[in-house]
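**Student:** Pasting a structure below so you can have a look.
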Amino acid sequence: MQQKGVQWFPGHMQKALRQIEEKLKLIDVVIEIVDCRVPLSSKNPFLNRLIANKKRLLVMSKSDLADFKTALQFKEYYQNQGYEVVLADLSKKKDIEEIRLQVAKLGQEKNDRYRSRGLKPQPLRTMILGIPNVGKSTLINRLSGRYAASIANTPGHTKAQQWIKVDKQLELLDTPGILPPHYEDRLTAINLALIGSMKEQNVPLTVLLDRLFVAIFAKNLVPNLELRYGISLQEPYDQNTILEMIAKSRGLLIKGGEIDYDRAERLLLKEFKEGLIAKVVLDEVPL
Ligand SMILES: Nc1nc2c(ncn2[C@@H]2O[C@H](COP(=O)(O)OP(=O)(O)O)[C@@H](O)[C@H]2O)c(=O)[nH]1
Ligand SMILES: [Mg+2]
């Protein structure tokens with residue numbers, strides 16, 4: 001139980017969770033979304049307490065941008081924690097259909113209960129939750145089959161509360177629950193900035209870049225860089241040489257022909273974020 005007066009997390013977190021808790025009273029099945037590239041860093045652990053007694057579907061979105069093998073390991077990890085899990089590219093019709101099916105399955109018990117008491121089955125009520133930029137609006141639009149709700153990269157882009165009838169059995173709250181990201185540690189913030197789920201300004205560029213290069217070397221992504229930028233790299237690899245080659249290949253030079261490292265760095269970060277370099281998962285699967 002929560003103790004009154006003990007604020008062990010910031011006010012904005014408390015407020016967001018309280019608002020969600022209020023809406024959850026109406027909900028049968030919770031759809032929580034995390035980004036497949038950062039299945040841990042993009043999950044707010046404080047939600048768990050609120051949805052412990054709900055049927056829970058975890059959608060790992062943007063599977064098209066993630067390394068499939070690691071994504072599958074995370075799927076298993078979350079299945080072991082009692083979630084139904086769907087790896088999804090939210091632009092794919094079949095993945096949306098899979099999400100719809102899993103929600104229906106999770107709601108089966110409730111409707112069986114109604115039927116066994118001779119009552120008419122009630123529509124399942126569901127709600128989408130997640131930190132900014134994981135694909136909440138996209139999923140709402142895809143499930144509702146219309147394009148009324150606007151999609152935006154801006155957190156908090158919502159409108160008045162309504163239920164969307166997905167089909168005869170399923171109703172969806174038309175506004176998602178927006179969870180504040182939870183920066184458990186600095187690495188979480190860096191990972192979120194690297195995939196573009198948080199304003200980059202919050203983390204110094206050099207820190208982001210160092211982390212990106214750690215991932216590039218640890219995950220053997222040098223060949224991906226060679227392919228993307230049409231360059232050829234020799235071991236031992238070093239950050240500066242790589243940036244220099246990228247800059248030359250893309251003509252990122254300052255007056256006088258000097259290498260424009262700053263623009264090369266920004267280009268690399270931008271293209272990584274957009275998934276143009278490689279499919280990766282930045283979080284490690286917990287043992
Ligand atoms: N590649 C890819 N992009 C996606 C996917 N789902 C959402 N996006 C994009 O991610 C960005 C944020 O999506 P949005 O639905 O606005 O996220 P929200 O802040 O959680 O509502 C948008 O540019 C979407 O087009 C996906 O499965 N794959
Ligand atoms: Mg949105």
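Each chain in the structure tokens gets a letter, A, B, ..., in the order shown, and its residues are numbered from 1; ligands are numbered from 1 in order too.
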Taking a cut-off of 12 Å and counting only C-alpha atoms, can you build a table that, for each residue of region 33-88 of chain A near region 137-142 of chain A, reports the nearest atom pair and how far apart they are in Å (one decimal), sorted by chain then residue number, as CSV?
**Tutor:**
```
residue,atom,partner,partner_atom,distance
A:Ile33,CA,A:Leu139,CA,9.4
A:Val59,CA,A:Leu139,CA,9.8
A:Met60,CA,A:Leu139,CA,11.6
A:Ser61,CA,A:Leu139,CA,9.3
A:Lys62,CA,A:Thr138,CA,11.0
A:Ala88,CA,A:Leu139,CA,10.1
```
**Student:** Which residues are near ligand 1 in this structure, taking near to mean any atom at most 10 Å from a ligand atom and counting only C-alpha atoms and all ligand atoms? Format them as an mmCIF file with N, CA and C atoms, in the first residue's frame.
**Tutor:**
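Everything below was put into selection34.cif:
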```cif
data_model
loop_
_atom_site.group_PDB
_atom_site.id
_atom_site.type_symbol
_atom_site.label_atom_id
_atom_site.label_comp_id
_atom_site.auth_asym_id
_atom_site.auth_seq_id
_atom_site.Cartn_x
_atom_site.Cartn_y
_atom_site.Cartn_z
ATOM 1 N N ILE A 33 2.932 -0.239 -24.205
ATOM 2 C CA ILE A 33 3.878 -0.271 -25.327
ATOM 3 C C ILE A 33 5.275 0.091 -24.852
ATOM 4 N N VAL A 34 6.263 -0.684 -25.291
ATOM 5 C CA VAL A 34 7.664 -0.299 -25.134
ATOM 6 C C VAL A 34 8.307 -0.330 -26.517
ATOM 7 N N ASP A 35 9.393 0.382 -26.654
ATOM 8 C CA ASP A 35 10.128 0.402 -27.919
ATOM 9 C C ASP A 35 11.080 -0.786 -27.942
ATOM 10 N N CYS A 36 10.964 -1.571 -28.982
ATOM 11 C CA CYS A 36 11.746 -2.798 -29.140
ATOM 12 C C CYS A 36 13.261 -2.576 -29.054
ATOM 13 N N VAL A 59 3.091 -4.621 -25.940
ATOM 14 C CA VAL A 59 3.441 -4.494 -27.352
ATOM 15 C C VAL A 59 4.859 -3.944 -27.428
ATOM 16 N N MET A 60 5.743 -4.699 -28.067
ATOM 17 C CA MET A 60 7.105 -4.203 -28.302
ATOM 18 C C MET A 60 7.111 -3.623 -29.714
ATOM 19 N N SER A 61 7.002 -2.302 -29.786
ATOM 20 C CA SER A 61 6.813 -1.636 -31.080
ATOM 21 C C SER A 61 8.136 -1.424 -31.810
ATOM 22 N N LYS A 62 8.044 -1.022 -33.041
ATOM 23 C CA LYS A 62 9.211 -0.718 -33.879
ATOM 24 C C LYS A 62 10.141 -1.925 -34.038
ATOM 25 N N SER A 63 9.530 -3.098 -34.103
ATOM 26 C CA SER A 63 10.327 -4.313 -34.272
ATOM 27 C C SER A 63 11.114 -4.261 -35.582
ATOM 28 N N ASP A 64 10.646 -3.453 -36.516
ATOM 29 C CA ASP A 64 11.357 -3.307 -37.793
ATOM 30 C C ASP A 64 12.715 -2.629 -37.606
ATOM 31 N N LEU A 65 12.915 -1.957 -36.460
ATOM 32 C CA LEU A 65 14.186 -1.257 -36.237
ATOM 33 C C LEU A 65 15.112 -2.021 -35.289
ATOM 34 N N ALA A 66 14.639 -3.157 -34.783
ATOM 35 C CA ALA A 66 15.406 -3.871 -33.759
ATOM 36 C C ALA A 66 16.037 -5.152 -34.287
ATOM 37 N N LEU A 87 5.523 -8.684 -30.641
ATOM 38 C CA LEU A 87 6.532 -7.863 -31.319
ATOM 39 C C LEU A 87 5.849 -7.254 -32.533
ATOM 40 N N ALA A 88 5.898 -5.934 -32.653
ATOM 41 C CA ALA A 88 5.104 -5.351 -33.732
ATOM 42 C C ALA A 88 5.803 -4.223 -34.482
ATOM 43 N N ASP A 89 5.616 -4.288 -35.772
ATOM 44 C CA ASP A 89 5.874 -3.125 -36.619
ATOM 45 C C ASP A 89 4.483 -2.530 -36.831
ATOM 46 N N LEU A 90 4.249 -1.391 -36.227
ATOM 47 C CA LEU A 90 2.882 -0.853 -36.200
ATOM 48 C C LEU A 90 2.393 -0.377 -37.562
ATOM 49 N N SER A 91 3.264 -0.418 -38.549
ATOM 50 C CA SER A 91 2.796 -0.069 -39.898
ATOM 51 C C SER A 91 2.274 -1.307 -40.631
ATOM 52 N N LYS A 92 2.432 -2.491 -39.991
ATOM 53 C CA LYS A 92 2.021 -3.742 -40.643
ATOM 54 C C LYS A 92 0.645 -4.188 -40.185
ATOM 55 N N ASP A 95 0.420 -7.277 -37.941
ATOM 56 C CA ASP A 95 0.828 -7.075 -36.548
ATOM 57 C C ASP A 95 -0.276 -6.401 -35.736
ATOM 58 N N ILE A 96 -0.990 -5.495 -36.382
ATOM 59 C CA ILE A 96 -2.137 -4.853 -35.720
ATOM 60 C C ILE A 96 -3.201 -5.901 -35.433
ATOM 61 N N ILE A 128 -4.370 2.186 -23.967
ATOM 62 C CA ILE A 128 -2.973 2.100 -24.367
ATOM 63 C C ILE A 128 -2.110 2.993 -23.482
ATOM 64 N N LEU A 129 -1.003 2.431 -23.025
ATOM 65 C CA LEU A 129 -0.125 3.157 -22.108
ATOM 66 C C LEU A 129 1.324 3.076 -22.565
ATOM 67 N N GLY A 130 2.081 4.119 -22.293
ATOM 68 C CA GLY A 130 3.512 4.071 -22.598
ATOM 69 C C GLY A 130 4.148 5.440 -22.494
ATOM 70 N N ILE A 131 5.464 5.459 -22.489
ATOM 71 C CA ILE A 131 6.194 6.726 -22.452
ATOM 72 C C ILE A 131 6.084 7.399 -23.827
ATOM 73 N N PRO A 132 6.461 8.663 -23.946
ATOM 74 C CA PRO A 132 6.336 9.348 -25.242
ATOM 75 C C PRO A 132 7.099 8.643 -26.363
ATOM 76 N N ASN A 133 6.492 8.694 -27.543
ATOM 77 C CA ASN A 133 7.160 8.276 -28.771
ATOM 78 C C ASN A 133 7.252 6.777 -29.030
ATOM 79 N N VAL A 134 6.591 5.961 -28.220
ATOM 80 C CA VAL A 134 6.676 4.515 -28.440
ATOM 81 C C VAL A 134 5.681 4.025 -29.497
ATOM 82 N N GLY A 135 4.730 4.893 -29.891
ATOM 83 C CA GLY A 135 3.776 4.468 -30.915
ATOM 84 C C GLY A 135 2.328 4.392 -30.441
ATOM 85 N N LYS A 136 2.020 5.065 -29.349
ATOM 86 C CA LYS A 136 0.660 5.008 -28.797
ATOM 87 C C LYS A 136 -0.379 5.538 -29.794
ATOM 88 N N SER A 137 -0.134 6.739 -30.323
ATOM 89 C CA SER A 137 -1.109 7.319 -31.256
ATOM 90 C C SER A 137 -1.216 6.485 -32.522
ATOM 91 N N THR A 138 -0.082 5.988 -32.972
ATOM 92 C CA THR A 138 -0.086 5.149 -34.168
ATOM 93 C C THR A 138 -0.983 3.932 -33.950
ATOM 94 N N LEU A 139 -0.826 3.270 -32.808
ATOM 95 C CA LEU A 139 -1.623 2.069 -32.539
ATOM 96 C C LEU A 139 -3.107 2.405 -32.395
ATOM 97 N N ILE A 140 -3.401 3.511 -31.728
ATOM 98 C CA ILE A 140 -4.806 3.922 -31.596
ATOM 99 C C ILE A 140 -5.409 4.132 -32.986
ATOM 100 N N ASN A 141 -4.692 4.830 -33.830
ATOM 101 C CA ASN A 141 -5.201 5.078 -35.188
ATOM 102 C C ASN A 141 -5.379 3.799 -35.976
ATOM 103 N N ARG A 142 -4.403 2.914 -35.856
ATOM 104 C CA ARG A 142 -4.481 1.677 -36.627
ATOM 105 C C ARG A 142 -5.628 0.793 -36.132
ATOM 106 N N ALA A 149 -7.497 10.764 -35.016
ATOM 107 C CA ALA A 149 -6.550 11.204 -33.995
ATOM 108 C C ALA A 149 -5.223 11.546 -34.666
ATOM 109 N N SER A 150 -4.669 12.681 -34.351
ATOM 110 C CA SER A 150 -3.442 13.081 -35.031
ATOM 111 C C SER A 150 -2.228 12.395 -34.413
ATOM 112 N N ILE A 151 -1.303 12.043 -35.257
ATOM 113 C CA ILE A 151 -0.058 11.445 -34.798
ATOM 114 C C ILE A 151 0.968 12.554 -34.742
ATOM 115 N N ALA A 152 1.726 12.599 -33.682
ATOM 116 C CA ALA A 152 2.758 13.627 -33.613
ATOM 117 C C ALA A 152 3.912 13.115 -32.785
ATOM 118 N N ASN A 153 5.049 13.658 -33.016
ATOM 119 C CA ASN A 153 6.201 13.296 -32.212
ATOM 120 C C ASN A 153 6.206 14.040 -30.881
ATOM 121 N N THR A 154 5.307 15.001 -30.763
ATOM 122 C CA THR A 154 5.247 15.798 -29.543
ATOM 123 C C THR A 154 4.514 15.039 -28.444
ATOM 124 N N PRO A 155 5.133 14.903 -27.275
ATOM 125 C CA PRO A 155 4.434 14.249 -26.180
ATOM 126 C C PRO A 155 3.194 15.056 -25.789
ATOM 127 N N GLY A 156 2.156 14.360 -25.391
ATOM 128 C CA GLY A 156 0.980 15.034 -24.872
ATOM 129 C C GLY A 156 0.029 15.566 -25.927
ATOM 130 N N HIS A 157 0.137 15.035 -27.131
ATOM 131 C CA HIS A 157 -0.705 15.484 -28.227
ATOM 132 C C HIS A 157 -2.015 14.706 -28.176
ATOM 133 N N THR A 158 -2.996 15.228 -27.468
ATOM 134 C CA THR A 158 -4.220 14.445 -27.274
ATOM 135 C C THR A 158 -5.467 15.311 -27.421
ATOM 136 N N THR A 175 -7.780 8.290 -25.813
ATOM 137 C CA THR A 175 -6.547 8.968 -25.394
ATOM 138 C C THR A 175 -5.652 7.976 -24.658
ATOM 139 N N PRO A 176 -4.387 7.948 -25.006
ATOM 140 C CA PRO A 176 -3.487 7.013 -24.331
ATOM 141 C C PRO A 176 -3.089 7.536 -22.955
ATOM 142 N N GLY A 177 -2.612 6.647 -22.124
ATOM 143 C CA GLY A 177 -2.008 7.063 -20.857
ATOM 144 C C GLY A 177 -0.541 7.338 -21.117
ATOM 145 N N ILE A 178 -0.147 8.583 -20.866
ATOM 146 C CA ILE A 178 1.254 8.928 -21.136
ATOM 147 C C ILE A 178 2.068 8.811 -19.848
ATOM 148 N N LEU A 179 3.000 7.887 -19.860
ATOM 149 C CA LEU A 179 3.848 7.674 -18.692
ATOM 150 C C LEU A 179 5.107 8.523 -18.810
ATOM 151 N N GLY A 196 15.902 8.597 -29.877
ATOM 152 C CA GLY A 196 15.076 9.763 -30.194
ATOM 153 C C GLY A 196 13.794 9.847 -29.403
ATOM 154 N N SER A 197 13.763 9.139 -28.274
ATOM 155 C CA SER A 197 12.541 9.154 -27.475
ATOM 156 C C SER A 197 12.595 10.247 -26.417
ATOM 157 N N GLU A 274 17.244 6.934 -36.839
ATOM 158 C CA GLU A 274 16.238 6.609 -37.858
ATOM 159 C C GLU A 274 16.328 5.161 -38.335
ATOM 160 N N GLY A 275 17.260 4.416 -37.763
ATOM 161 C CA GLY A 275 17.378 3.005 -38.118
ATOM 162 C C GLY A 275 18.082 2.762 -39.438
#
```
**Student:** From the DSSP assignment of the backbone, select every residue of region 55-210 of chain A that is strand (DSSP E or B), and format the answer as a VMD selection string.
**Tutor:** chain A and resid 55 to 61 84 to 87 124 to 130 163 to 165 170 to 173 177 to 178
**Student:** Kindly export the residues of the current selection with N, CA and C atoms, as a compact mmCIF listing (two decimals), in the first residue's frame.
**Tutor:**
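Writing the result to again_32.txt gives the following:
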```txt
# COMPACT_ATOMS: atom_id res chain seq x y z
N LYS A 55 -5.48 -7.73 -16.94
CA LYS A 55 -4.93 -8.50 -18.04
C LYS A 55 -4.02 -7.56 -18.81
N ARG A 56 -2.81 -8.04 -19.10
CA ARG A 56 -1.81 -7.14 -19.68
C ARG A 56 -1.23 -7.66 -20.98
N LEU A 57 -1.29 -6.80 -21.99
CA LEU A 57 -0.59 -7.09 -23.23
C LEU A 57 0.57 -6.12 -23.37
N LEU A 58 1.76 -6.66 -23.60
CA LEU A 58 2.90 -5.78 -23.84
C LEU A 58 3.20 -5.80 -25.34
N VAL A 59 3.09 -4.62 -25.94
CA VAL A 59 3.44 -4.49 -27.35
C VAL A 59 4.86 -3.94 -27.43
N MET A 60 5.74 -4.70 -28.07
CA MET A 60 7.11 -4.20 -28.30
C MET A 60 7.11 -3.62 -29.71
N SER A 61 7.00 -2.30 -29.79
CA SER A 61 6.81 -1.64 -31.08
C SER A 61 8.14 -1.42 -31.81
N GLU A 84 1.34 -11.16 -21.89
CA GLU A 84 1.26 -11.60 -23.27
C GLU A 84 2.11 -10.58 -24.02
N VAL A 85 2.85 -11.02 -25.02
CA VAL A 85 3.76 -10.09 -25.70
C VAL A 85 3.59 -10.20 -27.22
N VAL A 86 3.52 -9.06 -27.88
CA VAL A 86 3.53 -9.04 -29.34
C VAL A 86 4.66 -8.14 -29.81
N LEU A 87 5.52 -8.68 -30.64
CA LEU A 87 6.53 -7.86 -31.32
C LEU A 87 5.85 -7.25 -32.53
N LEU A 124 -15.16 -5.48 -24.43
CA LEU A 124 -13.94 -5.34 -23.62
C LEU A 124 -13.48 -3.91 -23.72
N ARG A 125 -13.03 -3.39 -22.60
CA ARG A 125 -12.53 -2.03 -22.63
C ARG A 125 -11.03 -2.03 -22.43
N THR A 126 -10.37 -1.35 -23.32
CA THR A 126 -8.91 -1.38 -23.28
C THR A 126 -8.33 0.02 -23.38
N MET A 127 -7.07 0.13 -22.98
CA MET A 127 -6.39 1.42 -22.93
C MET A 127 -4.92 1.22 -23.26
N ILE A 128 -4.37 2.19 -23.97
CA ILE A 128 -2.97 2.10 -24.37
C ILE A 128 -2.11 2.99 -23.48
N LEU A 129 -1.00 2.43 -23.02
CA LEU A 129 -0.13 3.16 -22.11
C LEU A 129 1.32 3.08 -22.57
N GLY A 130 2.08 4.12 -22.29
CA GLY A 130 3.51 4.07 -22.60
C GLY A 130 4.15 5.44 -22.49
N TRP A 163 -14.61 6.79 -26.28
CA TRP A 163 -14.33 5.39 -26.59
C TRP A 163 -14.41 5.18 -28.09
N ILE A 164 -13.45 4.46 -28.60
CA ILE A 164 -13.47 4.09 -30.01
C ILE A 164 -13.92 2.64 -30.10
N LYS A 165 -14.91 2.38 -30.94
CA LYS A 165 -15.32 0.98 -31.14
C LYS A 165 -14.42 0.33 -32.17
N LEU A 170 -14.76 -5.00 -28.84
CA LEU A 170 -13.63 -4.27 -28.27
C LEU A 170 -13.79 -2.76 -28.36
N GLU A 171 -13.63 -2.11 -27.21
CA GLU A 171 -13.64 -0.65 -27.17
C GLU A 171 -12.31 -0.13 -26.62
N LEU A 172 -11.88 0.97 -27.22
CA LEU A 172 -10.55 1.50 -26.89
C LEU A 172 -10.68 2.96 -26.45
N LEU A 173 -10.07 3.27 -25.32
CA LEU A 173 -10.05 4.66 -24.88
C LEU A 173 -9.24 5.47 -25.90
N GLY A 177 -2.61 6.65 -22.12
CA GLY A 177 -2.01 7.06 -20.86
C GLY A 177 -0.54 7.34 -21.12
N ILE A 178 -0.15 8.58 -20.87
CA ILE A 178 1.25 8.93 -21.14
C ILE A 178 2.07 8.81 -19.85
```
**Student:** Could you check how far CA of Leu192 (chain A) sits from CA of Tyr237 (chain A), in Å to one decimal?
**Tutor:**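 Calculated distance between CA of Leu192 (chain A) and CA of Tyr237 (chain A) is 25.8 Å.
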**Student:** Excluding Lys270 (chain A) and any residue of its chain fewer than 3 positions from it, enumerate the residues within 12 Å of it, using only C-alpha atoms, and give them as an mmCIF file with C-alpha atoms, in the first residue's frame.
**Tutor:**
```cif
data_model
loop_
_atom_site.group_PDB
_atom_site.id
_atom_site.type_symbol
_atom_site.label_atom_id
_atom_site.label_comp_id
_atom_site.auth_asym_id
_atom_site.auth_seq_id
_atom_site.Cartn_x
_atom_site.Cartn_y
_atom_site.Cartn_z
ATOM 1 C CA ALA A 193 18.065 9.919 -26.282
ATOM 2 C CA LEU A 194 19.863 7.643 -28.749
ATOM 3 C CA ILE A 195 16.627 6.303 -30.167
ATOM 4 C CA GLY A 196 15.076 9.763 -30.194
ATOM 5 C CA GLU A 200 18.818 15.053 -27.117
ATOM 6 C CA LEU A 205 26.379 15.133 -27.606
ATOM 7 C CA LEU A 208 25.638 10.124 -26.757
ATOM 8 C CA LEU A 209 28.341 9.606 -29.298
ATOM 9 C CA LEU A 212 26.836 4.930 -29.748
ATOM 10 C CA ARG A 263 28.260 17.665 -38.608
ATOM 11 C CA ALA A 264 29.595 14.136 -39.032
ATOM 12 C CA GLU A 265 28.660 13.367 -35.425
ATOM 13 C CA ARG A 266 25.169 14.751 -35.839
ATOM 14 C CA LEU A 267 24.653 12.878 -39.084
ATOM 15 C CA LYS A 273 18.108 7.036 -34.601
ATOM 16 C CA GLU A 274 16.238 6.609 -37.858
ATOM 17 C CA GLY A 275 17.378 3.005 -38.118
ATOM 18 C CA LEU A 276 19.458 3.616 -41.225
ATOM 19 C CA ILE A 277 22.673 2.160 -39.804
#
```
